[in-house]
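A.B. asks: This is the content of structure05.txt (compact mmCIF, C-alpha atoms):
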```txt
# COMPACT_ATOMS: atom_id res chain seq x y z
CA MET H 1028 66.74 -97.90 -72.73
CA LEU H 1029 67.07 -94.34 -71.43
CA GLU H 1030 63.29 -94.18 -70.82
CA THR H 1031 63.46 -97.42 -68.83
CA VAL H 1032 66.32 -96.09 -66.67
CA ILE H 1033 64.39 -92.87 -66.11
CA PHE H 1034 61.38 -94.91 -64.94
CA TYR H 1035 63.55 -96.95 -62.57
CA LEU H 1036 65.03 -93.78 -61.09
CA LEU H 1037 61.62 -92.18 -60.71
CA PHE H 1038 60.21 -95.28 -59.04
CA ILE H 1039 63.20 -95.43 -56.63
CA SER H 1040 62.59 -91.76 -55.84
CA GLN H 1041 58.88 -92.49 -55.25
CA ILE H 1042 59.73 -95.31 -52.83
CA GLY H 1043 62.32 -93.26 -50.94
CA LEU H 1044 60.29 -90.08 -50.76
CA PHE H 1045 56.92 -91.43 -49.62
CA SER H 1046 57.84 -94.54 -47.68
CA TYR H 1047 60.99 -93.24 -46.01
CA TYR H 1048 61.77 -89.50 -46.16
CA PHE H 1049 58.35 -87.97 -45.43
CA PRO H 1050 57.22 -90.69 -43.00
CA LYS H 1051 60.50 -90.21 -41.12
CA GLN H 1052 59.94 -86.45 -40.96
CA LEU H 1053 56.38 -86.92 -39.70
CA HIS H 1054 57.38 -89.61 -37.22
CA GLN H 1055 60.15 -87.41 -35.79
CA ARG H 1056 57.66 -84.55 -35.57
CA MET H 1057 55.19 -86.64 -33.57
CA GLN H 1058 57.91 -87.94 -31.26
CA PHE H 1059 59.24 -84.41 -30.76
CA VAL H 1060 55.80 -83.12 -29.69
CA ILE H 1061 55.36 -85.84 -27.05
CA GLY H 1062 58.91 -85.23 -25.76
CA ALA H 1063 58.86 -81.44 -25.74
CA TYR H 1064 55.23 -81.01 -24.63
CA PRO H 1065 54.59 -83.89 -22.22
CA PRO H 1066 51.07 -84.87 -21.10
CA GLU H 1067 51.80 -83.85 -17.48
CA GLN H 1068 52.26 -80.22 -18.51
CA TYR H 1069 50.07 -80.11 -21.63
CA PRO H 1070 47.13 -82.38 -20.78
CA LYS H 1071 44.72 -80.69 -23.20
CA LEU H 1072 46.76 -82.05 -26.08
CA TYR H 1073 46.35 -85.67 -24.97
CA PRO H 1074 42.77 -86.87 -24.56
CA LYS H 1075 44.05 -90.46 -24.69
CA LYS H 1076 46.68 -92.28 -22.64
CA VAL H 1077 50.21 -91.48 -23.79
CA ASP H 1078 50.97 -95.18 -24.40
CA GLU H 1079 48.32 -95.21 -27.12
CA TYR H 1080 50.17 -92.44 -28.96
CA HIS H 1081 53.49 -94.29 -28.73
CA ALA H 1082 51.82 -97.47 -30.02
CA PHE H 1083 50.27 -95.58 -32.93
CA HIS H 1084 53.59 -93.97 -33.83
CA ARG H 1085 55.27 -97.40 -33.88
CA ARG H 1086 52.49 -98.83 -36.09
CA TYR H 1087 52.78 -95.87 -38.46
CA TRP H 1088 56.54 -96.23 -38.81
CA ARG H 1089 56.41 -100.03 -39.23
CA LEU H 1090 53.73 -99.79 -41.90
CA ASN H 1091 55.89 -97.35 -43.86
CA GLN H 1092 58.89 -99.63 -43.56
CA MET H 1093 56.80 -102.53 -44.87
CA LEU H 1094 55.64 -100.41 -47.79
CA MET H 1095 59.20 -99.43 -48.57
CA LEU H 1096 60.18 -103.10 -48.66
CA ALA H 1097 57.17 -103.84 -50.87
CA GLY H 1098 58.28 -101.09 -53.27
CA ILE H 1099 61.83 -102.44 -53.42
CA LEU H 1100 60.39 -105.91 -54.05
CA ILE H 1101 58.17 -104.66 -56.89
CA LEU H 1102 61.10 -102.86 -58.51
CA SER H 1103 63.38 -105.89 -58.09
CA VAL H 1104 60.81 -108.16 -59.77
CA ILE H 1105 60.42 -105.68 -62.63
CA MET H 1106 64.18 -105.48 -63.13
CA ILE H 1107 64.89 -109.20 -62.74
CA LEU H 1108 62.07 -110.25 -65.06
CA GLN H 1109 62.89 -107.35 -67.38
CA VAL H 1110 59.25 -106.33 -67.52
CA ASN H 1111 58.56 -103.84 -70.28
CA VAL H 1112 57.70 -100.70 -68.33
CA LEU H 1113 57.31 -98.61 -71.47
CA ASN H 1114 53.63 -99.12 -72.16
CA ASP H 1115 50.45 -97.39 -71.15
CA ASP H 1116 49.05 -100.40 -69.26
CA PHE H 1117 52.03 -100.40 -66.94
CA ALA H 1118 51.13 -96.88 -65.74
CA LEU H 1119 48.78 -98.51 -63.25
CA ILE H 1120 51.72 -99.84 -61.18
CA PRO H 1121 53.25 -96.53 -59.98
CA TRP H 1122 49.74 -95.13 -59.53
CA ALA H 1123 48.49 -98.09 -57.47
CA TYR H 1124 51.69 -98.15 -55.43
CA PHE H 1125 51.34 -94.42 -54.76
CA MET H 1126 47.79 -94.97 -53.50
CA VAL H 1127 49.00 -97.73 -51.16
CA GLN H 1128 51.88 -95.50 -50.01
CA PHE H 1129 49.31 -92.95 -48.91
CA ILE H 1130 47.48 -95.40 -46.60
CA PRO H 1131 49.67 -94.46 -43.57
CA LEU H 1132 48.99 -90.80 -44.28
CA PHE H 1133 45.23 -91.46 -44.37
CA MET H 1134 45.69 -93.35 -41.12
CA LEU H 1135 47.38 -90.29 -39.67
CA GLU H 1136 44.59 -87.99 -40.86
CA PHE H 1137 41.93 -90.27 -39.41
CA SER H 1138 43.78 -90.47 -36.10
CA GLU H 1139 44.10 -86.66 -36.00
CA PHE H 1140 40.38 -86.31 -36.68
CA ASN H 1141 39.58 -88.66 -33.79
CA GLN H 1142 42.07 -86.89 -31.56
CA ILE H 1143 40.46 -83.50 -32.15
CA LYS H 1144 36.99 -84.95 -31.70
CA GLN H 1145 38.04 -86.27 -28.28
CA MET H 1146 39.66 -82.93 -27.43
CA ARG H 1147 36.33 -81.25 -28.09
CA GLU H 1148 34.52 -83.79 -25.93
CA HIS H 1149 36.97 -83.21 -23.07
CA ASP H 1150 36.70 -79.43 -23.37
CA THR H 1151 34.60 -78.36 -20.37
CA ARG H 1152 35.38 -74.64 -20.45
CA SER H 1153 32.32 -72.42 -20.18
CA LYS H 1154 34.10 -69.54 -21.91
CA ARG H 1155 34.29 -69.75 -25.69
CA THR H 1156 36.34 -67.52 -27.91
CA ALA H 1157 36.28 -66.68 -31.61
CA GLN H 1158 37.91 -64.26 -33.99
CA LEU H 1159 35.68 -61.31 -34.81
CA SER H 1160 37.03 -60.88 -38.29
CA SER H 1161 36.07 -62.24 -41.64
CA LYS H 1162 38.86 -63.33 -43.93
CA GLY H 1163 38.45 -64.01 -47.58
CA VAL H 1164 40.52 -66.06 -50.01
CA PHE H 1165 42.63 -63.03 -50.91
CA ASP H 1166 43.70 -62.58 -47.30
CA TYR H 1167 45.62 -65.83 -47.75
CA LEU H 1168 46.43 -65.97 -51.45
CA SER H 1169 47.57 -63.32 -53.85
CA MET H 1170 45.48 -62.36 -56.86
CA GLY H 1171 48.41 -63.46 -59.06
CA GLU H 1172 48.37 -66.99 -57.64
CA VAL H 1173 44.64 -67.37 -58.22
CA ILE H 1174 44.87 -65.98 -61.77
CA MET H 1175 47.82 -68.25 -62.55
CA THR H 1176 45.84 -71.30 -61.36
CA ALA H 1177 42.86 -70.25 -63.45
CA LEU H 1178 45.09 -69.78 -66.51
CA PHE H 1179 46.62 -73.24 -66.06
CA PHE H 1180 43.11 -74.68 -65.84
CA ILE H 1181 41.91 -72.83 -68.95
CA GLY H 1182 45.08 -73.78 -70.82
CA ALA H 1183 44.81 -77.47 -69.93
CA ALA H 1184 41.09 -77.57 -70.68
CA GLY H 1185 41.76 -75.83 -74.03
CA ILE H 1186 44.52 -78.29 -74.98
CA ALA H 1187 42.30 -81.25 -74.03
CA LEU H 1188 39.38 -79.91 -76.05
CA ILE H 1189 41.46 -79.12 -79.14
CA VAL H 1190 43.57 -82.31 -79.13
CA ASP H 1191 40.76 -84.73 -78.20
CA ASN H 1192 38.30 -83.19 -80.69
CA PRO H 1193 39.78 -82.92 -84.22
CA ASP H 1194 36.76 -80.92 -85.43
CA PHE H 1195 36.89 -78.43 -82.55
CA PRO H 1196 35.05 -76.04 -82.22
CA ASN H 1197 32.40 -77.28 -84.69
CA LYS H 1198 32.01 -80.67 -83.07
CA ILE H 1199 32.89 -81.49 -79.48
CA GLU H 1200 32.55 -85.13 -78.48
CA ASP H 1201 35.32 -85.95 -76.03
CA VAL H 1202 35.14 -83.83 -72.91
CA GLY H 1203 36.34 -86.48 -70.41
CA ALA H 1204 39.57 -84.67 -69.54
CA VAL H 1205 37.74 -81.37 -69.10
CA PHE H 1206 35.26 -83.01 -66.72
CA VAL H 1207 38.09 -84.52 -64.68
CA LEU H 1208 39.75 -81.09 -64.44
CA LEU H 1209 36.48 -79.37 -63.59
CA GLY H 1210 35.45 -81.97 -61.01
CA THR H 1211 38.81 -81.92 -59.27
CA ASN H 1212 38.92 -78.13 -59.16
CA LEU H 1213 35.38 -78.02 -57.76
CA PHE H 1214 36.48 -80.49 -55.09
CA PHE H 1215 39.44 -78.23 -54.21
CA PHE H 1216 37.12 -75.23 -54.09
CA GLY H 1217 34.75 -77.05 -51.74
CA MET H 1218 37.61 -78.23 -49.55
CA SER H 1219 39.03 -74.70 -49.33
CA TYR H 1220 35.62 -73.21 -48.48
CA TRP H 1221 35.06 -75.88 -45.84
CA THR H 1222 38.45 -75.19 -44.24
CA MET H 1223 37.89 -71.44 -44.19
CA ARG H 1224 34.26 -71.23 -43.17
CA VAL H 1225 33.38 -74.31 -41.18
CA ARG H 1226 33.88 -74.80 -37.45
CA LYS H 1227 37.38 -74.65 -36.07
CA PHE H 1228 38.21 -78.22 -35.20
CA ASP H 1229 40.79 -77.86 -32.49
CA PRO H 1230 38.98 -76.07 -29.64
CA TYR H 1231 42.20 -74.69 -28.14
CA GLN H 1232 44.05 -73.75 -31.34
CA ALA H 1233 45.57 -70.25 -31.36
CA PRO H 1234 44.10 -67.93 -34.06
CA GLU H 1235 47.49 -67.49 -35.76
CA ASP H 1236 47.92 -71.28 -35.99
CA ARG H 1237 44.47 -71.65 -37.47
CA ASP H 1238 45.43 -69.07 -40.08
CA LYS H 1239 48.52 -71.12 -40.90
CA VAL H 1240 46.44 -74.27 -41.36
CA ILE H 1241 44.02 -72.45 -43.67
CA LEU H 1242 46.92 -70.95 -45.65
CA THR H 1243 48.55 -74.38 -46.03
CA THR H 1244 45.30 -75.99 -47.17
CA LEU H 1245 44.57 -73.25 -49.70
CA LYS H 1246 48.11 -73.27 -51.12
CA SER H 1247 48.10 -77.07 -51.32
CA ALA H 1248 44.81 -76.99 -53.23
CA LEU H 1249 46.20 -74.30 -55.54
CA TYR H 1250 49.44 -76.12 -56.36
CA THR H 1251 47.68 -79.47 -56.73
CA SER H 1252 45.30 -77.84 -59.17
CA ILE H 1253 48.22 -76.43 -61.19
CA GLY H 1254 49.93 -79.84 -61.08
CA LEU H 1255 46.77 -81.55 -62.28
CA SER H 1256 46.37 -79.07 -65.16
CA ILE H 1257 49.96 -79.72 -66.30
CA PHE H 1258 49.50 -83.48 -65.90
CA MET H 1259 46.23 -83.57 -67.87
CA ALA H 1260 47.70 -81.47 -70.69
CA ALA H 1261 50.81 -83.69 -70.82
CA THR H 1262 48.67 -86.86 -70.80
CA VAL H 1263 46.56 -85.63 -73.71
CA LEU H 1264 49.64 -84.54 -75.68
CA LEU H 1265 51.51 -87.83 -75.07
CA ASP H 1266 48.44 -89.77 -76.12
CA ALA H 1267 48.01 -87.72 -79.30
CA ASN H 1268 51.68 -88.10 -80.27
CA ASN H 1269 51.81 -91.87 -79.68
CA MET H 1270 54.17 -91.43 -76.74
CA ASP H 1271 52.10 -93.53 -74.34
CA TYR H 1272 55.22 -95.41 -73.32
CA LEU H 1273 56.18 -92.41 -71.17
CA MET H 1274 52.96 -92.61 -69.16
CA PRO H 1275 54.32 -94.72 -66.26
CA SER H 1276 57.17 -92.21 -65.75
CA LEU H 1277 54.77 -89.27 -66.08
CA ILE H 1278 52.39 -90.71 -63.48
CA SER H 1279 55.21 -91.37 -61.03
CA LEU H 1280 56.54 -87.85 -61.61
CA TYR H 1281 53.08 -86.32 -61.17
CA CYS H 1282 52.36 -88.20 -57.93
CA GLN H 1283 55.73 -87.16 -56.53
CA GLY H 1284 55.30 -83.58 -57.67
CA ILE H 1285 51.96 -82.93 -56.01
CA ALA H 1286 52.73 -84.91 -52.87
CA PHE H 1287 56.15 -83.28 -52.51
CA ALA H 1288 54.66 -79.79 -52.92
CA THR H 1289 51.85 -80.34 -50.41
CA LEU H 1290 53.85 -82.24 -47.78
CA MET H 1291 56.83 -79.90 -47.98
CA MET H 1292 54.51 -76.93 -47.66
CA MET H 1293 52.81 -78.52 -44.66
CA LEU H 1294 56.14 -79.20 -42.94
CA ARG H 1295 57.43 -75.73 -43.67
CA ASN H 1296 54.30 -73.62 -42.99
CA LEU H 1297 53.33 -75.55 -39.90
CA ASP H 1298 56.79 -75.43 -38.40
CA ILE H 1299 56.59 -77.32 -35.12
CA ASN H 1300 58.81 -74.76 -33.38
CA LYS H 1301 56.46 -71.93 -34.27
CA ILE H 1302 53.18 -73.55 -33.20
CA ASN H 1303 51.70 -72.11 -30.02
CA PHE H 1304 51.55 -75.09 -27.65
CA GLU H 1305 50.88 -72.91 -24.61
CA VAL H 1306 47.15 -73.14 -25.37
CA TYR H 1307 47.32 -76.83 -24.42
CA ARG H 1308 48.99 -76.20 -21.08
CA ALA H 1309 47.14 -77.28 -17.91
CA SER H 1310 44.69 -74.64 -16.69
CA PRO H 1311 44.87 -73.50 -13.01
CA GLU H 1312 41.72 -75.56 -12.26
CA GLN H 1313 43.37 -78.68 -13.64
CA ASN H 1314 46.47 -78.04 -11.53
CA ILE H 1315 44.35 -77.63 -8.40
CA ALA H 1316 42.42 -80.85 -9.17
CA LYS H 1317 45.72 -82.66 -9.70
CA SER H 1318 47.19 -81.48 -6.39
CA VAL H 1319 43.97 -82.48 -4.57
CA GLN H 1320 44.19 -85.97 -6.09
CA GLN H 1321 47.81 -86.26 -4.94
CA MET J 823 40.02 -58.86 -32.37
CA GLN J 824 38.47 -61.66 -30.35
CA ILE J 825 35.02 -62.17 -28.93
CA SER J 826 34.25 -64.48 -26.05
CA VAL J 827 31.05 -65.69 -24.47
CA ASP J 828 30.53 -67.46 -21.19
CA ILE J 829 27.74 -70.02 -21.33
CA ASP J 830 27.51 -70.07 -17.51
CA ASP J 831 27.01 -66.30 -17.34
CA PRO J 832 23.41 -65.30 -16.45
CA ILE J 833 23.55 -62.61 -19.15
CA PRO J 834 21.95 -64.05 -22.32
CA LEU J 835 24.47 -65.13 -24.96
CA PHE J 836 23.09 -62.82 -27.65
CA VAL J 837 23.42 -59.86 -25.25
CA GLN J 838 27.05 -60.80 -24.56
CA ILE J 839 27.73 -60.75 -28.31
CA ILE J 840 25.93 -57.42 -28.80
CA GLU J 841 27.73 -55.76 -25.90
CA GLN J 842 31.16 -56.89 -27.05
CA ILE J 843 30.63 -55.75 -30.63
CA LYS J 844 29.38 -52.36 -29.40
CA GLN J 845 32.33 -52.11 -27.02
CA ALA J 846 34.74 -52.91 -29.85
CA VAL J 847 33.14 -50.20 -32.02
CA VAL J 848 33.35 -47.61 -29.24
CA GLU J 849 37.01 -48.49 -28.61
CA HIS J 850 37.73 -48.38 -32.39
CA ASN J 851 38.77 -52.02 -32.46
CA LEU J 852 36.11 -52.41 -35.14
CA ILE J 853 35.97 -49.64 -37.70
CA PRO J 854 33.22 -48.71 -40.23
CA GLY J 855 33.22 -50.99 -43.24
CA GLN J 856 35.15 -53.77 -41.49
CA PRO J 857 33.78 -57.20 -42.35
CA LEU J 858 32.39 -59.43 -39.62
CA PRO J 859 32.26 -63.23 -39.73
CA SER J 860 29.08 -64.75 -41.09
CA ILE J 861 26.39 -65.89 -38.66
CA ARG J 862 27.19 -69.51 -39.40
CA GLN J 863 30.92 -69.08 -38.96
CA LEU J 864 30.68 -67.18 -35.68
CA ALA J 865 28.13 -69.68 -34.37
CA ASN J 866 30.43 -72.53 -35.35
CA ASP J 867 33.50 -70.92 -33.82
CA LEU J 868 31.71 -70.16 -30.56
CA ASN J 869 29.95 -73.53 -30.67
CA LEU J 870 26.56 -71.81 -30.31
CA ASN J 871 23.25 -72.22 -32.05
CA SER J 872 23.24 -70.05 -35.17
CA LYS J 873 19.86 -68.59 -34.07
CA THR J 874 21.61 -66.97 -31.09
CA VAL J 875 24.15 -65.21 -33.31
CA ALA J 876 21.41 -64.36 -35.83
CA LYS J 877 19.40 -62.68 -33.06
CA ALA J 878 22.44 -60.63 -31.98
CA TYR J 879 23.16 -59.59 -35.57
CA LYS J 880 19.49 -58.72 -36.17
CA LEU J 881 19.40 -56.41 -33.15
CA LEU J 882 22.74 -54.84 -34.09
CA GLU J 883 21.43 -54.25 -37.60
CA ARG J 884 18.25 -52.68 -36.21
CA ASP J 885 20.41 -50.28 -34.18
CA ALA J 886 22.55 -49.53 -37.27
CA ILE J 887 25.71 -50.86 -35.66
CA ILE J 888 26.20 -53.37 -38.45
CA GLN J 889 24.81 -53.67 -41.94
CA SER J 890 24.18 -56.74 -44.03
CA LYS J 891 25.12 -56.54 -47.70
CA GLY J 892 23.56 -59.75 -48.97
CA TYR J 893 26.01 -62.32 -50.28
CA ARG J 894 28.95 -59.97 -49.66
CA GLY J 895 28.54 -60.41 -45.93
CA THR J 896 28.06 -58.30 -42.83
CA PHE J 897 30.00 -55.11 -42.16
CA ILE J 898 30.32 -52.46 -39.48
CA HIS J 899 27.87 -49.63 -40.23
CA PRO J 900 29.44 -46.28 -41.30
CA ASP J 901 27.63 -44.55 -38.38
CA ALA J 902 28.20 -47.36 -35.92
CA ALA J 903 30.25 -45.29 -33.48
CA SER J 904 27.57 -42.61 -33.07
CA ASN J 905 24.76 -45.19 -33.01
CA CYS J 906 26.44 -47.04 -30.17
CA GLY J 907 25.70 -44.01 -28.04
CA THR J 908 21.95 -44.51 -28.47
CA ASN J 909 20.94 -46.22 -25.27
CA LEU J 910 17.68 -47.99 -26.13
CA LYS J 911 17.60 -49.74 -22.79
CA GLY J 912 17.81 -46.40 -21.02
CA LEU J 913 15.16 -44.87 -23.31
CA ILE J 914 12.72 -47.69 -22.58
CA ALA J 915 13.30 -47.43 -18.82
CA GLU J 916 12.85 -43.65 -18.84
CA THR J 917 9.64 -43.77 -20.93
CA LEU J 918 8.10 -46.51 -18.82
CA GLU J 919 9.03 -44.75 -15.58
CA GLN J 920 7.29 -41.57 -16.78
CA ALA J 921 4.19 -43.50 -17.88
CA ILE J 922 4.01 -45.50 -14.64
CA SER J 923 4.40 -42.47 -12.39
CA GLN J 924 1.68 -40.67 -14.38
CA LEU J 925 -0.67 -43.66 -14.01
CA ARG J 926 0.06 -43.86 -10.26
CA ASN J 927 -0.73 -40.17 -9.92
CA GLU J 928 -4.06 -40.84 -11.66
CA GLY J 929 -4.79 -43.49 -9.01
CA ALA J 930 -4.00 -46.72 -10.86
CA THR J 931 -2.64 -49.57 -8.71
CA ASP J 932 0.55 -51.48 -9.60
CA SER J 933 -1.39 -54.69 -10.30
CA GLU J 934 -3.76 -52.82 -12.65
CA ILE J 935 -0.80 -51.33 -14.48
CA ARG J 936 0.89 -54.77 -14.75
CA ILE J 937 -2.29 -56.43 -16.06
CA GLU J 938 -2.89 -53.71 -18.66
CA PHE J 939 0.80 -53.70 -19.67
CA ALA J 940 0.70 -57.47 -20.14
CA ASN J 941 -2.56 -57.22 -22.11
CA ILE J 942 -1.14 -54.57 -24.44
CA MET J 943 2.07 -56.51 -24.98
CA ASN J 944 0.16 -59.75 -25.61
CA ASN J 945 -2.19 -58.06 -28.05
CA ARG J 946 0.74 -56.62 -29.96
CA VAL J 947 2.49 -59.96 -30.08
CA SER J 948 -0.61 -61.77 -31.30
```
Now that the file is in, can you turn its structure into C-alpha cells?

C.D. replies:
Amino acid sequence: MLETVIFYLLFISQIGLFSYYFPKQLHQRMQFVIGAYPPEQYPKLYPKKVDEYHAFHRRYWRLNQMLMLAGILILSVIMILQVNVLNDDFALIPWAYFMVQFIPLFMLEFSEFNQIKQMREHDTRSKRTAQLSSKGVFDYLSMGEVIMTALFFIGAAGIALIVDNPDFPNKIEDVGAVFVLLGTNLFFFGMSYWTMRVRKFDPYQAPEDRDKVILTTLKSALYTSIGLSIFMAATVLLDANNMDYLMPSLISLYCQGIAFATLMMMLRNLDINKINFEVYRASPEQNIAKSVQQ
Amino acid sequence: MQISVDIDDPIPLFVQIIEQIKQAVVEHNLIPGQPLPSIRQLANDLNLNSKTVAKAYKLLERDAIIQSKGYRGTFIHPDAASNCGTNLKGLIAETLEQAISQLRNEGATDSEIRIEFANIMNNRVS
C-alpha cells in the first residue's frame, strides 16, 4: 500500500513539475523578453513578426495545459480502476508520459533553432567578431566534477557487470546495461564537444552569454550522466533482488531528477536579468533606415 | 580578447587576421604559451572558409608568432613578441628596390625587369 501511495505522489509530482511549474516558468520568461525588450528597440532579436511569437507562446502554454489534464486523467483512471501499479510492465506508463510531456520542450527547442537560423540569415553586417581564446572542458568544469562523473560511470558499469553476470569475471555474457551507459555517455561527450567547438549559433550573442550556455550544457550533461549511472545501478539491483514492483516509481523519480536538475540549472545559469540584450538593439543604420521610411 | 574581420575591407581576410594577432602579441594581449582557437573553430565563429584561417595560421607559424602542437592545439610562440618585430614585407621591398635600382643602372628597362621577374616567379612556382 505504501509503495502504491509513493507512486501516486511521484506521478502527481511529475504532472505538476513538467506540465505546470516548468512550462509556466518558461512561458513567463518568453513573455518577459517580449515585454522588456520590444521589437521596436531590439529588432535583431525578432526575425519574425511579433504576432507569430505571441501565437507560439499561446500554443505552447495550451499544449502544456492539455498534457496536465491528460496526466490527471491517467492518474484518475489508475486510481478509480485500482490498477496494480506495482509491476515492472507498468513502468512504461510514467516513462511514456514523461516523453509526451517533453514534446512542448522539443517544440521550443525546434522553434529556437529556426529563430537563430533566421537571425543568421537577416544578419547583414560585414564585420564579424570572434573570441581569440581557446577554452577547454576544465575552463568550465572542475577536475573533481569530471572525476566524480567518471567514478559514478565506473561504479554503475561494475555493478551491472557483477550483478548481471554471476560468473564474472570468468564469463561475461550480459553487457546490455554497460552498453547503454557507454552509448549515453558518448552521446553526452559528443554533444558537449559540439557545443564547445562548433559554430556559435546566435550571431549577436555576447561572449559571456555564450560561455554561460556552454557551461549550462556541460553541467547538464554531467549531472544527467551521474543520474543515469545511479538509475542503471538501481535498476540492476532492483531486478536482481526481485523488487521490480518499484520500477514505475524509480522511473518517475529518475525522469524528474534529471529533468529537474537540467531545467533548474538552465533557469538559474541563464538568468534572464543577466543576459546581455544590448547586442540585439537596433544599429544606427537600422535607425536611419527606419526614420527614412517614416 | 576579440578578433574582428570586415568582409567588405579591401585588405585580404587572412591579412586582417595576421595583423590583429600580431598586434595583440605586441600589446601583450596575447602572451607566450596562450592557446588560440582551432582553425575550424575560428573559421566557424567568423563565418569564414577554414582555408582562410588556415592560411593566416600557416603564415604566422612560418614567422614563429604561433606554434602548432599537434592534437593539443595552437599556441602563441615563446618568442612571438620579438618575432613580431621582423618586418618581412619591409625586407622584401628593400631587397627588391636594391635589385631593381642595380638593374636600372646596368641599363635594363622596366618591362625587361618585369618580364624576367615574372619568368623567375613562374619557374619557381612550377

A.B. asks: For atom CA of H:Asn1296 and atom CA of H:Lys1239, quote the distance in Å rounded to one decimal.

C.D. replies: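 One can read the atom CA of H:Asn1296 to atom CA of H:Lys1239 distance as 6.6 Å.
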
A.B. asks: Check every residue of chain H for an atom within 6 Å of chain J, counting only C-alpha atoms, and provide those that qualify as JSON, numbers by chain.

C.D. replies: {"H": [1153, 1154, 1155, 1156, 1157, 1158, 1159, 1160, 1161, 1224, 1226, 1227]}

A.B. asks: I want to know what sits within 9 Å of J:Ala876, based on only C-alpha atoms, with residues of the same chain fewer than 3 positions away left out; could you give that as JSON, numbers by chain?

C.D. replies: {"J": [836, 861, 862, 865, 871, 872, 873, 879, 880, 881]}

A.B. asks: What's the separation between atom CA of H:Asp1271 and atom CA of H:Phe1258, in Å to one decimal place?

C.D. replies: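 Distance between the two atoms: 13.4 Å.
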
A.B. asks: Rounded to one decimal, what separation in Å do you get between atom CA of H:Leu1108 and atom CA of H:Phe1038?

C.D. replies: 16.2 Å

A.B. asks: Given the choices H:Leu1297, H:Met1057, H:Leu1273, H:Met1292, which gets closest to H:Asn1111 if the distance is worked out from only C-alpha atoms?

C.D. replies: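 Selected residue with least distance to H:Asn1111: H:Leu1273.
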
A.B. asks: Which residue is closest to J:Cys906? Choose from J:Arg926, J:Lys877, J:Arg894, J:Arg884 and count all atoms listed in the file.

C.D. replies: J:Arg884

A.B. asks: Skip H:Val1263 itself and residues of its chain fewer than 3 positions away, then list as a list in words all residues within 8 Å of it, counting all atoms listed in the file.

C.D. replies: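 Skipping anything fewer than 3 positions along the chain leaves Ile1186, Ala1187, Val1190, Asp1191, Met1259, Ala1260, Asp1266 and Ala1267 of chain H.
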
A.B. asks: Would you export the selected residues with C-alpha atoms as a PDB file, in the frame of the given file, please?

C.D. replies:
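Generated output (out18.pdb):
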```pdb
ATOM      1  CA  ILE H1186      44.520 -78.290 -74.980  1.00  0.00           C
ATOM      2  CA  ALA H1187      42.300 -81.250 -74.030  1.00  0.00           C
ATOM      3  CA  VAL H1190      43.570 -82.310 -79.130  1.00  0.00           C
ATOM      4  CA  ASP H1191      40.760 -84.730 -78.200  1.00  0.00           C
ATOM      5  CA  MET H1259      46.230 -83.570 -67.870  1.00  0.00           C
ATOM      6  CA  ALA H1260      47.700 -81.470 -70.690  1.00  0.00           C
ATOM      7  CA  ASP H1266      48.440 -89.770 -76.120  1.00  0.00           C
ATOM      8  CA  ALA H1267      48.010 -87.720 -79.300  1.00  0.00           C
TER       9      ALA H1267
END
```

A.B. asks: Extract, using only C-alpha atoms, all DNA, RNA and protein residues at most 12 Å from stretch 1112-1126 of chain H, discarding same-chain residues fewer than 6 positions from it, and format them as a CSV table (one decimal) with C-alpha atoms, in the coordinates of the input.

C.D. replies:
```csv
chain,number,residue,atom,x,y,z
H,1028,MET,CA,66.7,-97.9,-72.7
H,1029,LEU,CA,67.1,-94.3,-71.4
H,1030,GLU,CA,63.3,-94.2,-70.8
H,1031,THR,CA,63.5,-97.4,-68.8
H,1032,VAL,CA,66.3,-96.1,-66.7
H,1033,ILE,CA,64.4,-92.9,-66.1
H,1034,PHE,CA,61.4,-94.9,-64.9
H,1035,TYR,CA,63.6,-97.0,-62.6
H,1037,LEU,CA,61.6,-92.2,-60.7
H,1038,PHE,CA,60.2,-95.3,-59.0
H,1039,ILE,CA,63.2,-95.4,-56.6
H,1040,SER,CA,62.6,-91.8,-55.8
H,1041,GLN,CA,58.9,-92.5,-55.2
H,1042,ILE,CA,59.7,-95.3,-52.8
H,1043,GLY,CA,62.3,-93.3,-50.9
H,1044,LEU,CA,60.3,-90.1,-50.8
H,1045,PHE,CA,56.9,-91.4,-49.6
H,1046,SER,CA,57.8,-94.5,-47.7
H,1094,LEU,CA,55.6,-100.4,-47.8
H,1095,MET,CA,59.2,-99.4,-48.6
H,1096,LEU,CA,60.2,-103.1,-48.7
H,1097,ALA,CA,57.2,-103.8,-50.9
H,1098,GLY,CA,58.3,-101.1,-53.3
H,1099,ILE,CA,61.8,-102.4,-53.4
H,1100,LEU,CA,60.4,-105.9,-54.0
H,1101,ILE,CA,58.2,-104.7,-56.9
H,1102,LEU,CA,61.1,-102.9,-58.5
H,1104,VAL,CA,60.8,-108.2,-59.8
H,1105,ILE,CA,60.4,-105.7,-62.6
H,1106,MET,CA,64.2,-105.5,-63.1
H,1132,LEU,CA,49.0,-90.8,-44.3
H,1133,PHE,CA,45.2,-91.5,-44.4
H,1262,THR,CA,48.7,-86.9,-70.8
H,1265,LEU,CA,51.5,-87.8,-75.1
H,1266,ASP,CA,48.4,-89.8,-76.1
H,1269,ASN,CA,51.8,-91.9,-79.7
H,1270,MET,CA,54.2,-91.4,-76.7
H,1271,ASP,CA,52.1,-93.5,-74.3
H,1272,TYR,CA,55.2,-95.4,-73.3
H,1273,LEU,CA,56.2,-92.4,-71.2
H,1274,MET,CA,53.0,-92.6,-69.2
H,1275,PRO,CA,54.3,-94.7,-66.3
H,1276,SER,CA,57.2,-92.2,-65.8
H,1277,LEU,CA,54.8,-89.3,-66.1
H,1278,ILE,CA,52.4,-90.7,-63.5
H,1279,SER,CA,55.2,-91.4,-61.0
H,1280,LEU,CA,56.5,-87.8,-61.6
H,1281,TYR,CA,53.1,-86.3,-61.2
H,1282,CYS,CA,52.4,-88.2,-57.9
H,1283,GLN,CA,55.7,-87.2,-56.5
H,1284,GLY,CA,55.3,-83.6,-57.7
H,1285,ILE,CA,52.0,-82.9,-56.0
H,1286,ALA,CA,52.7,-84.9,-52.9
```

A.B. asks: With distances taken over all atoms listed in the file, which of H:Val1205, H:Leu1072, H:Met1134, H:Val1077 is nearest to H:Pro1050?

C.D. replies: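 Once distances to H:Pro1050 are computed over all atoms listed in the file, the minimum belongs to H:Met1134.
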
A.B. asks: Please provide as a count of residues only all residues within 10 Å of stretch 914-925 of chain J, with the sequence filter that same-chain residues fewer than 5 positions apart are discarded (counting all atoms listed in the file).

C.D. replies: 7
